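A.B. asks: One file: my_file_39.txt (compact mmCIF, C-alpha atoms and all ligand atoms).
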```
# COMPACT_ATOMS: atom_id res chain seq x y z
CA MET A 1 7.15 16.82 -9.57
CA LYS A 2 7.24 13.81 -7.32
CA THR A 3 4.55 11.14 -7.29
CA VAL A 4 4.32 8.38 -4.71
CA ILE A 5 2.17 5.35 -5.51
CA PHE A 6 1.06 3.16 -2.64
CA GLY A 7 -0.45 -0.14 -3.75
CA GLY A 8 -2.21 -2.78 -1.69
CA THR A 9 -5.41 -4.71 -1.22
CA PHE A 10 -6.51 -2.39 1.60
CA ASN A 11 -8.98 -4.99 2.85
CA PRO A 12 -9.50 -2.87 4.93
CA PHE A 13 -7.21 0.22 5.02
CA HIS A 14 -5.68 0.39 8.52
CA ASN A 15 -3.41 2.49 10.72
CA GLY A 16 -0.28 0.67 9.50
CA HIS A 17 -1.15 1.86 5.98
CA LEU A 18 -1.72 5.36 7.34
CA LEU A 19 1.63 5.38 9.13
CA LEU A 20 3.44 4.19 6.00
CA SER A 21 1.67 6.89 3.96
CA ARG A 22 2.65 9.60 6.43
CA GLU A 23 6.25 8.44 6.64
CA ALA A 24 6.53 8.27 2.85
CA ILE A 25 5.12 11.80 2.58
CA LYS A 26 7.55 13.03 5.25
CA ALA A 27 10.53 11.39 3.52
CA VAL A 28 9.74 12.32 -0.10
CA ARG A 29 7.62 15.49 0.15
CA PRO A 30 5.66 14.44 -2.96
CA ASP A 31 3.30 16.57 -5.02
CA ARG A 32 0.96 13.59 -5.43
CA PHE A 33 0.35 10.61 -3.15
CA ILE A 34 -1.73 8.00 -4.94
CA ILE A 35 -3.39 5.14 -3.09
CA MET A 36 -3.90 2.26 -5.50
CA PRO A 37 -6.19 -0.58 -4.43
CA SER A 38 -5.27 -3.70 -6.40
CA HIS A 39 -7.70 -5.90 -8.28
CA ILE A 40 -6.01 -9.25 -7.71
CA PRO A 41 -2.66 -8.98 -5.93
CA PRO A 42 -0.01 -11.10 -7.68
CA HIS A 43 2.25 -11.35 -4.60
CA LYS A 44 -0.08 -13.07 -2.19
CA VAL A 45 -3.38 -14.88 -1.81
CA ALA A 46 -6.06 -12.34 -1.01
CA GLU A 47 -8.51 -13.88 1.42
CA GLU A 48 -12.09 -12.62 1.85
CA LEU A 49 -11.45 -9.78 -0.59
CA MET A 50 -14.14 -7.13 -0.10
CA SER A 51 -15.81 -5.62 -3.19
CA ASP A 52 -13.96 -3.04 -5.26
CA GLU A 53 -16.51 -0.41 -4.31
CA HIS A 54 -16.13 -0.86 -0.54
CA ARG A 55 -12.32 -0.95 -0.73
CA LEU A 56 -12.29 2.17 -2.90
CA ASN A 57 -14.59 3.97 -0.48
CA MET A 58 -12.47 3.02 2.53
CA CYS A 59 -9.32 4.21 0.71
CA ARG A 60 -11.05 7.50 -0.13
CA LEU A 61 -11.96 8.04 3.53
CA ALA A 62 -8.37 7.27 4.57
CA ALA A 63 -6.96 9.59 1.88
CA LYS A 64 -8.75 12.49 3.57
CA GLU A 65 -6.43 11.97 6.56
CA LEU A 66 -3.44 12.73 4.33
CA GLY A 67 -4.35 16.15 2.99
CA ASP A 68 -4.71 17.63 -0.46
CA ILE A 69 -1.89 15.74 -2.13
CA ALA A 70 -3.59 12.38 -1.52
CA GLU A 71 -5.89 10.75 -4.05
CA VAL A 72 -7.21 7.26 -4.76
CA SER A 73 -6.84 5.72 -8.19
CA ASP A 74 -9.13 3.04 -9.61
CA PHE A 75 -6.63 2.21 -12.40
CA GLU A 76 -5.90 -1.35 -11.20
CA LEU A 77 -9.53 -2.11 -10.35
CA ILE A 78 -10.66 -0.98 -13.80
CA SER A 79 -7.80 -2.79 -15.56
CA GLY A 80 -8.91 -6.06 -13.93
CA GLY A 81 -6.91 -9.30 -13.77
CA LYS A 82 -3.72 -9.51 -11.75
CA SER A 83 -2.43 -6.10 -10.69
CA TYR A 84 1.22 -5.99 -11.67
CA THR A 85 3.11 -3.02 -10.23
CA VAL A 86 5.23 -2.70 -13.35
CA ILE A 87 2.13 -2.10 -15.49
CA THR A 88 0.82 0.49 -13.04
CA LEU A 89 4.14 2.32 -13.02
CA GLU A 90 4.35 2.29 -16.84
CA HIS A 91 0.88 3.88 -16.84
CA PHE A 92 1.95 6.68 -14.50
CA LYS A 93 5.21 7.21 -16.38
CA GLU A 94 3.13 7.78 -19.50
CA LEU A 95 0.69 10.01 -17.64
CA TYR A 96 3.37 12.07 -15.87
CA PRO A 97 6.50 11.65 -18.02
CA ASP A 98 8.50 14.30 -16.16
CA ASP A 99 7.68 13.07 -12.65
CA GLU A 100 9.98 11.20 -10.34
CA LEU A 101 8.02 8.10 -9.33
CA TYR A 102 8.19 6.36 -5.95
CA PHE A 103 6.53 3.13 -4.92
CA ALA A 104 5.71 2.67 -1.21
CA MET A 105 5.56 -0.71 0.53
CA GLY A 106 5.92 -2.50 3.85
CA SER A 107 8.89 -4.66 4.79
CA ASP A 108 7.19 -7.97 3.86
CA MET A 109 6.99 -6.69 0.29
CA LEU A 110 10.55 -5.31 0.16
CA ILE A 111 11.95 -8.62 1.39
CA THR A 112 10.31 -10.48 -1.51
CA PHE A 113 10.67 -7.66 -4.05
CA LEU A 114 13.31 -9.26 -6.28
CA ARG A 115 10.93 -12.17 -6.89
CA TRP A 116 8.16 -9.90 -8.21
CA TYR A 117 7.29 -9.70 -11.91
CA ARG A 118 9.86 -7.47 -13.74
CA PRO A 119 11.68 -6.01 -10.71
CA ASP A 120 14.36 -4.70 -13.10
CA ARG A 121 11.86 -2.49 -14.92
CA ILE A 122 10.15 -1.41 -11.68
CA LEU A 123 13.53 -0.21 -10.42
CA GLU A 124 14.12 1.76 -13.62
CA LEU A 125 10.75 3.44 -13.20
CA ALA A 126 10.63 4.13 -9.46
CA THR A 127 12.45 4.52 -6.17
CA LEU A 128 11.16 2.17 -3.49
CA ILE A 129 10.20 3.51 -0.11
CA CYS A 130 9.70 1.10 2.76
CA ASN A 131 8.37 1.09 6.32
CA CYS A 132 9.30 -1.75 8.61
CA ARG A 133 6.18 -3.67 9.74
CA ASP A 134 7.86 -5.43 12.62
CA SER A 135 11.20 -4.83 14.38
CA ARG A 136 12.02 -8.49 13.74
CA ASP A 137 12.22 -7.58 10.03
CA TYR A 138 15.10 -5.09 10.43
CA GLU A 139 17.95 -7.39 9.42
CA ALA A 140 16.04 -8.86 6.46
CA VAL A 141 15.08 -5.36 5.32
CA LYS A 142 18.67 -4.15 5.38
CA ALA A 143 19.72 -7.23 3.41
CA ALA A 144 16.91 -6.70 0.88
CA LYS A 145 17.90 -3.04 0.46
CA ALA A 146 21.51 -4.06 -0.22
CA ASP A 147 20.43 -6.72 -2.75
CA ILE A 148 18.17 -4.25 -4.56
CA GLU A 149 20.89 -1.58 -4.62
CA ALA A 150 23.35 -4.15 -5.94
CA VAL A 151 21.20 -4.46 -9.08
CA GLY A 152 20.99 -0.67 -9.46
CA GLY A 153 17.77 0.05 -7.53
CA ARG A 154 17.08 2.89 -5.13
CA VAL A 155 15.51 2.21 -1.73
CA ILE A 156 14.52 4.66 1.01
CA LEU A 157 13.93 3.14 4.45
CA THR A 158 11.81 5.26 6.77
CA GLU A 159 12.92 5.62 10.36
CA CYS A 160 9.68 5.29 12.33
CA GLU A 161 8.90 2.61 14.90
CA PRO A 162 6.93 -0.22 13.26
CA LEU A 163 3.22 -0.46 13.89
CA VAL A 164 2.35 -4.13 14.01
CA CYS A 165 -1.06 -4.32 12.41
CA SER A 166 -2.59 -6.18 9.47
CA SER A 167 -5.87 -6.34 7.60
CA THR A 168 -6.01 -10.06 8.39
CA ASP A 169 -6.00 -9.33 12.15
CA ILE A 170 -8.71 -6.72 11.68
CA ARG A 171 -10.92 -9.11 9.68
CA LYS A 172 -10.47 -11.74 12.39
CA LYS A 173 -11.42 -9.28 15.12
CA LEU A 174 -14.50 -8.17 13.21
CA ASP A 175 -15.50 -11.78 12.71
CA LYS A 176 -15.33 -12.27 16.48
CA ASN A 177 -17.18 -9.00 17.10
CA GLU A 178 -14.13 -7.45 18.79
CA PRO A 179 -13.42 -3.69 18.61
CA ILE A 180 -11.10 -2.39 15.89
CA ASP A 181 -11.28 1.32 16.71
CA ASP A 182 -7.61 1.64 17.61
CA LEU A 183 -6.53 -0.13 14.41
CA VAL A 184 -8.21 1.84 11.59
CA PRO A 185 -8.94 5.53 10.98
CA PRO A 186 -12.23 6.56 12.70
CA SER A 187 -13.96 7.22 9.36
CA VAL A 188 -13.06 3.70 8.15
CA ALA A 189 -14.26 2.15 11.43
CA GLU A 190 -17.54 4.00 11.04
CA TYR A 191 -17.89 2.87 7.38
CA ILE A 192 -17.23 -0.78 8.25
CA LYS A 193 -19.80 -0.61 11.02
CA ARG A 194 -22.42 1.20 8.96
CA LYS A 195 -22.12 -1.21 6.03
CA GLY A 196 -21.78 -4.29 8.24
CA LEU A 197 -18.59 -5.39 6.45
CA TYR A 198 -16.52 -8.46 7.31
CA ARG A 199 -19.21 -10.12 9.36
CA ASP A 200 -20.51 -13.53 8.32
P1 LIG B 301 -3.55 -8.72 4.72
O1 LIG B 301 -3.42 -8.92 6.20
O2 LIG B 301 -4.95 -8.82 4.19
O3 LIG B 301 -2.58 -9.60 3.95
P2 LIG B 301 -2.00 -6.23 4.89
O4 LIG B 301 -2.28 -5.74 6.26
O5 LIG B 301 -0.66 -6.85 4.63
O6 LIG B 301 -3.17 -7.19 4.38
P3 LIG B 301 -2.04 -4.84 2.32
O7 LIG B 301 -3.19 -4.05 1.81
O8 LIG B 301 -1.78 -6.13 1.67
O9 LIG B 301 -2.22 -5.00 3.91
O10 LIG B 301 -0.73 -3.96 2.30
C1 LIG B 301 -0.49 -2.92 1.38
C2 LIG B 301 0.90 -2.41 1.62
O11 LIG B 301 1.00 -1.87 2.95
C3 LIG B 301 2.00 -3.49 1.53
O12 LIG B 301 3.14 -2.93 0.94
C4 LIG B 301 2.25 -3.83 2.98
O13 LIG B 301 3.56 -4.31 3.20
C5 LIG B 301 2.06 -2.47 3.65
N1 LIG B 301 1.66 -2.60 5.04
C6 LIG B 301 0.61 -3.29 5.53
N2 LIG B 301 0.56 -3.21 6.88
C7 LIG B 301 1.59 -2.43 7.25
C8 LIG B 301 2.10 -1.98 8.52
N3 LIG B 301 1.53 -2.34 9.67
N4 LIG B 301 3.20 -1.19 8.51
C9 LIG B 301 3.81 -0.84 7.34
N5 LIG B 301 3.40 -1.25 6.12
C10 LIG B 301 2.31 -2.03 6.07
```
As a first step, turn the structure in this file into structure tokens.
C.D. replies:
Amino acid sequence: MKTVIFGGTFNPFHNGHLLLSREAIKAVRPDRFIIMPSHIPPHKVAEELMSDEHRLNMCRLAAKELGDIAEVSDFELISGGKSYTVITLEHFKELYPDDELYFAMGSDMLITFLRWYRPDRILELATLICNCRDSRDYEAVKAAKADIEAVGGRVILTECEPLVCSSTDIRKKLDKNEPIDDLVPPSVAEYIKRKGLYRD
């Protein structure tokens, strides 16, 4: 069986995340696609991090867009502390010892991947699958793929056009009372509105 894990802060889950999920599913044809909201991301400063509950709920609504293979895991939220990918992958290797594991990410993450905690072990445990976030990243992504392969890693680059979109932009728009309907799945837009999230 094939299991894809897609980690992130998902603050909130947006259409760029959805596109990456769909492309990863198209490329890998996994049996399980697991969305994994992180507790504290080790790779960046998480600004205005919404509560675990709201982020989990938004991920669950987004997962419905991806069909039966998609699920949301609260493993990192329950574990607490910094959410290291290597620990998450060790967990799933133990849970599904016979599965091939994949870890999905955007180009900003692939470009910095070799500076993550224990990239060597992550590459033993999983194949990376990456969507470009911005066409200006193409060269850096190709270079990152080559560097990762040079140390024995496996990287799949998806072929779709990038969708330039970030949670930061969405939070800024919400703060200014601007519409976000074309940037997040409709169910997530409705949830944000109903709960009055990201408004000061
Ligand atoms: P923020 O703006 O709050 O930093 P973000 O938009 O980068 O958030 P994350 O939840 O941090 O979203 O991202 C989770 C994963 O999704 C990361 O691997 C990231 O690279 C990837 N990702 C985010 N946005 C896109 C996008 N537009 N296209 C492809 N991948 C994306």
A.B. asks: Write as a ChimeraX atom specification the residues around ligand LIG 301 (chain B), taking 8 Å as the cut-off and counting only C-alpha atoms and all ligand atoms.
C.D. replies: /A:6-17,19-20,37,44-47,104-110,130-134,162-170
A.B. asks: Work out how far apart CA of Cys160 in chain A and CA of Ile122 in chain A are and give it in Å to one decimal.
C.D. replies: 24.9 Å
A.B. asks: Can you measure CA of Ala62 in chain A to CA of Val184 in chain A for me? One decimal in Å is fine.
C.D. replies: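 Separating CA of Ala62 in chain A from CA of Val184 in chain A is a distance of 8.9 Å.
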A.B. asks: Hey, which of A:Ser135, A:Phe113, A:Arg171, A:Cys59 ends up closest to Ile148 in chain A? Count all atoms listed in the file.
C.D. replies: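 Nearest candidate to Ile148 in chain A out of A:Ser135, A:Phe113, A:Arg171, A:Cys59: A:Phe113.
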A.B. asks: May I have the residues within 9 Å of Gly81 in chain A as a list in words, using all atoms listed in the file and disregarding those fewer than 3 positions away in the same chain?
C.D. replies: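 Once the nearby chain positions are removed, what remains is His39, Ile40, Pro41, Glu76 and Leu77 of chain A.
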A.B. asks: To one decimal place, how far is CA of Ser38 in chain A from CA of His91 in chain A in Å?
C.D. replies: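 Result for CA of Ser38 in chain A versus CA of His91 in chain A: 14.3 Å, one decimal.
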A.B. asks: Do you know which residues lie at most 12 Å from (-17.9, -4.9, -1.0), with coordinates as in the file and only C-alpha atoms counted, and could you write them as a VMD selection string?
C.D. replies: chain A and resid 10 to 12 48 to 58 191 to 192 195 to 199
A.B. asks: Taking all atoms listed in the file into account, which of A:Leu123, A:Val155, A:Ile111, A:Met1 comes nearest Ala143 in chain A?
C.D. replies: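 Selected residue with least distance to Ala143 in chain A: A:Ile111.
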A.B. asks: Kindly extract all protein, DNA and RNA residues lying within 12 Å of the coordinates (14.9, -6.6, -13.6) given in the file, considering only C-alpha atoms, and supply them as a PDB file with C-alpha atoms, in the coordinates of the input.
C.D. replies:
```
ATOM      1  CA  VAL A  86       5.230  -2.700 -13.350  1.00  0.00           C
ATOM      2  CA  PHE A 113      10.670  -7.660  -4.050  1.00  0.00           C
ATOM      3  CA  LEU A 114      13.310  -9.260  -6.280  1.00  0.00           C
ATOM      4  CA  ARG A 115      10.930 -12.170  -6.890  1.00  0.00           C
ATOM      5  CA  TRP A 116       8.160  -9.900  -8.210  1.00  0.00           C
ATOM      6  CA  TYR A 117       7.290  -9.700 -11.910  1.00  0.00           C
ATOM      7  CA  ARG A 118       9.860  -7.470 -13.740  1.00  0.00           C
ATOM      8  CA  PRO A 119      11.680  -6.010 -10.710  1.00  0.00           C
ATOM      9  CA  ASP A 120      14.360  -4.700 -13.100  1.00  0.00           C
ATOM     10  CA  ARG A 121      11.860  -2.490 -14.920  1.00  0.00           C
ATOM     11  CA  ILE A 122      10.150  -1.410 -11.680  1.00  0.00           C
ATOM     12  CA  LEU A 123      13.530  -0.210 -10.420  1.00  0.00           C
ATOM     13  CA  GLU A 124      14.120   1.760 -13.620  1.00  0.00           C
ATOM     14  CA  LEU A 125      10.750   3.440 -13.200  1.00  0.00           C
ATOM     15  CA  ILE A 148      18.170  -4.250  -4.560  1.00  0.00           C
ATOM     16  CA  GLU A 149      20.890  -1.580  -4.620  1.00  0.00           C
ATOM     17  CA  ALA A 150      23.350  -4.150  -5.940  1.00  0.00           C
ATOM     18  CA  VAL A 151      21.200  -4.460  -9.080  1.00  0.00           C
ATOM     19  CA  GLY A 152      20.990  -0.670  -9.460  1.00  0.00           C
ATOM     20  CA  GLY A 153      17.770   0.050  -7.530  1.00  0.00           C
TER      21      GLY A 153
END
```
A.B. asks: Which residue gives the smallest distance to Phe103 in chain A among A:Val141, A:Leu174, A:Leu66, A:Ile35, with only C-alpha atoms counted?
C.D. replies: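 Nearest candidate to Phe103 in chain A out of A:Val141, A:Leu174, A:Leu66, A:Ile35: A:Ile35.
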A.B. asks: Could you check which of A:Glu94, A:Asp99, A:Glu65, A:Asp200 is closest to Arg32 in chain A, using all atoms listed in the file?
C.D. replies: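 Once distances to Arg32 in chain A are computed over all atoms listed in the file, the minimum belongs to A:Asp99.
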A.B. asks: What lies within 7 Å of Glu100 in chain A using only C-alpha atoms, ignoring chain neighbours under 2 positions off, as a ChimeraX atom specification?
C.D. replies: /A:1-3,98,102
A.B. asks: Let me make sure I understand: among A:Pro42, A:Arg136, A:Ile34, A:Ala146, which one has the smallest atom-to-atom distance to Glu161 in chain A if we use all atoms listed in the file?
C.D. replies: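 Looking only at the distances to Glu161 in chain A, the closest residue turns out to be A:Arg136.
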A.B. asks: For Val28 in chain A, which of A:Ile156, A:Ala63, A:Ala126, A:Ile180 is the closest residue, counting only C-alpha atoms?
C.D. replies: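 Once distances to Val28 in chain A are computed over only C-alpha atoms, the minimum belongs to A:Ile156.
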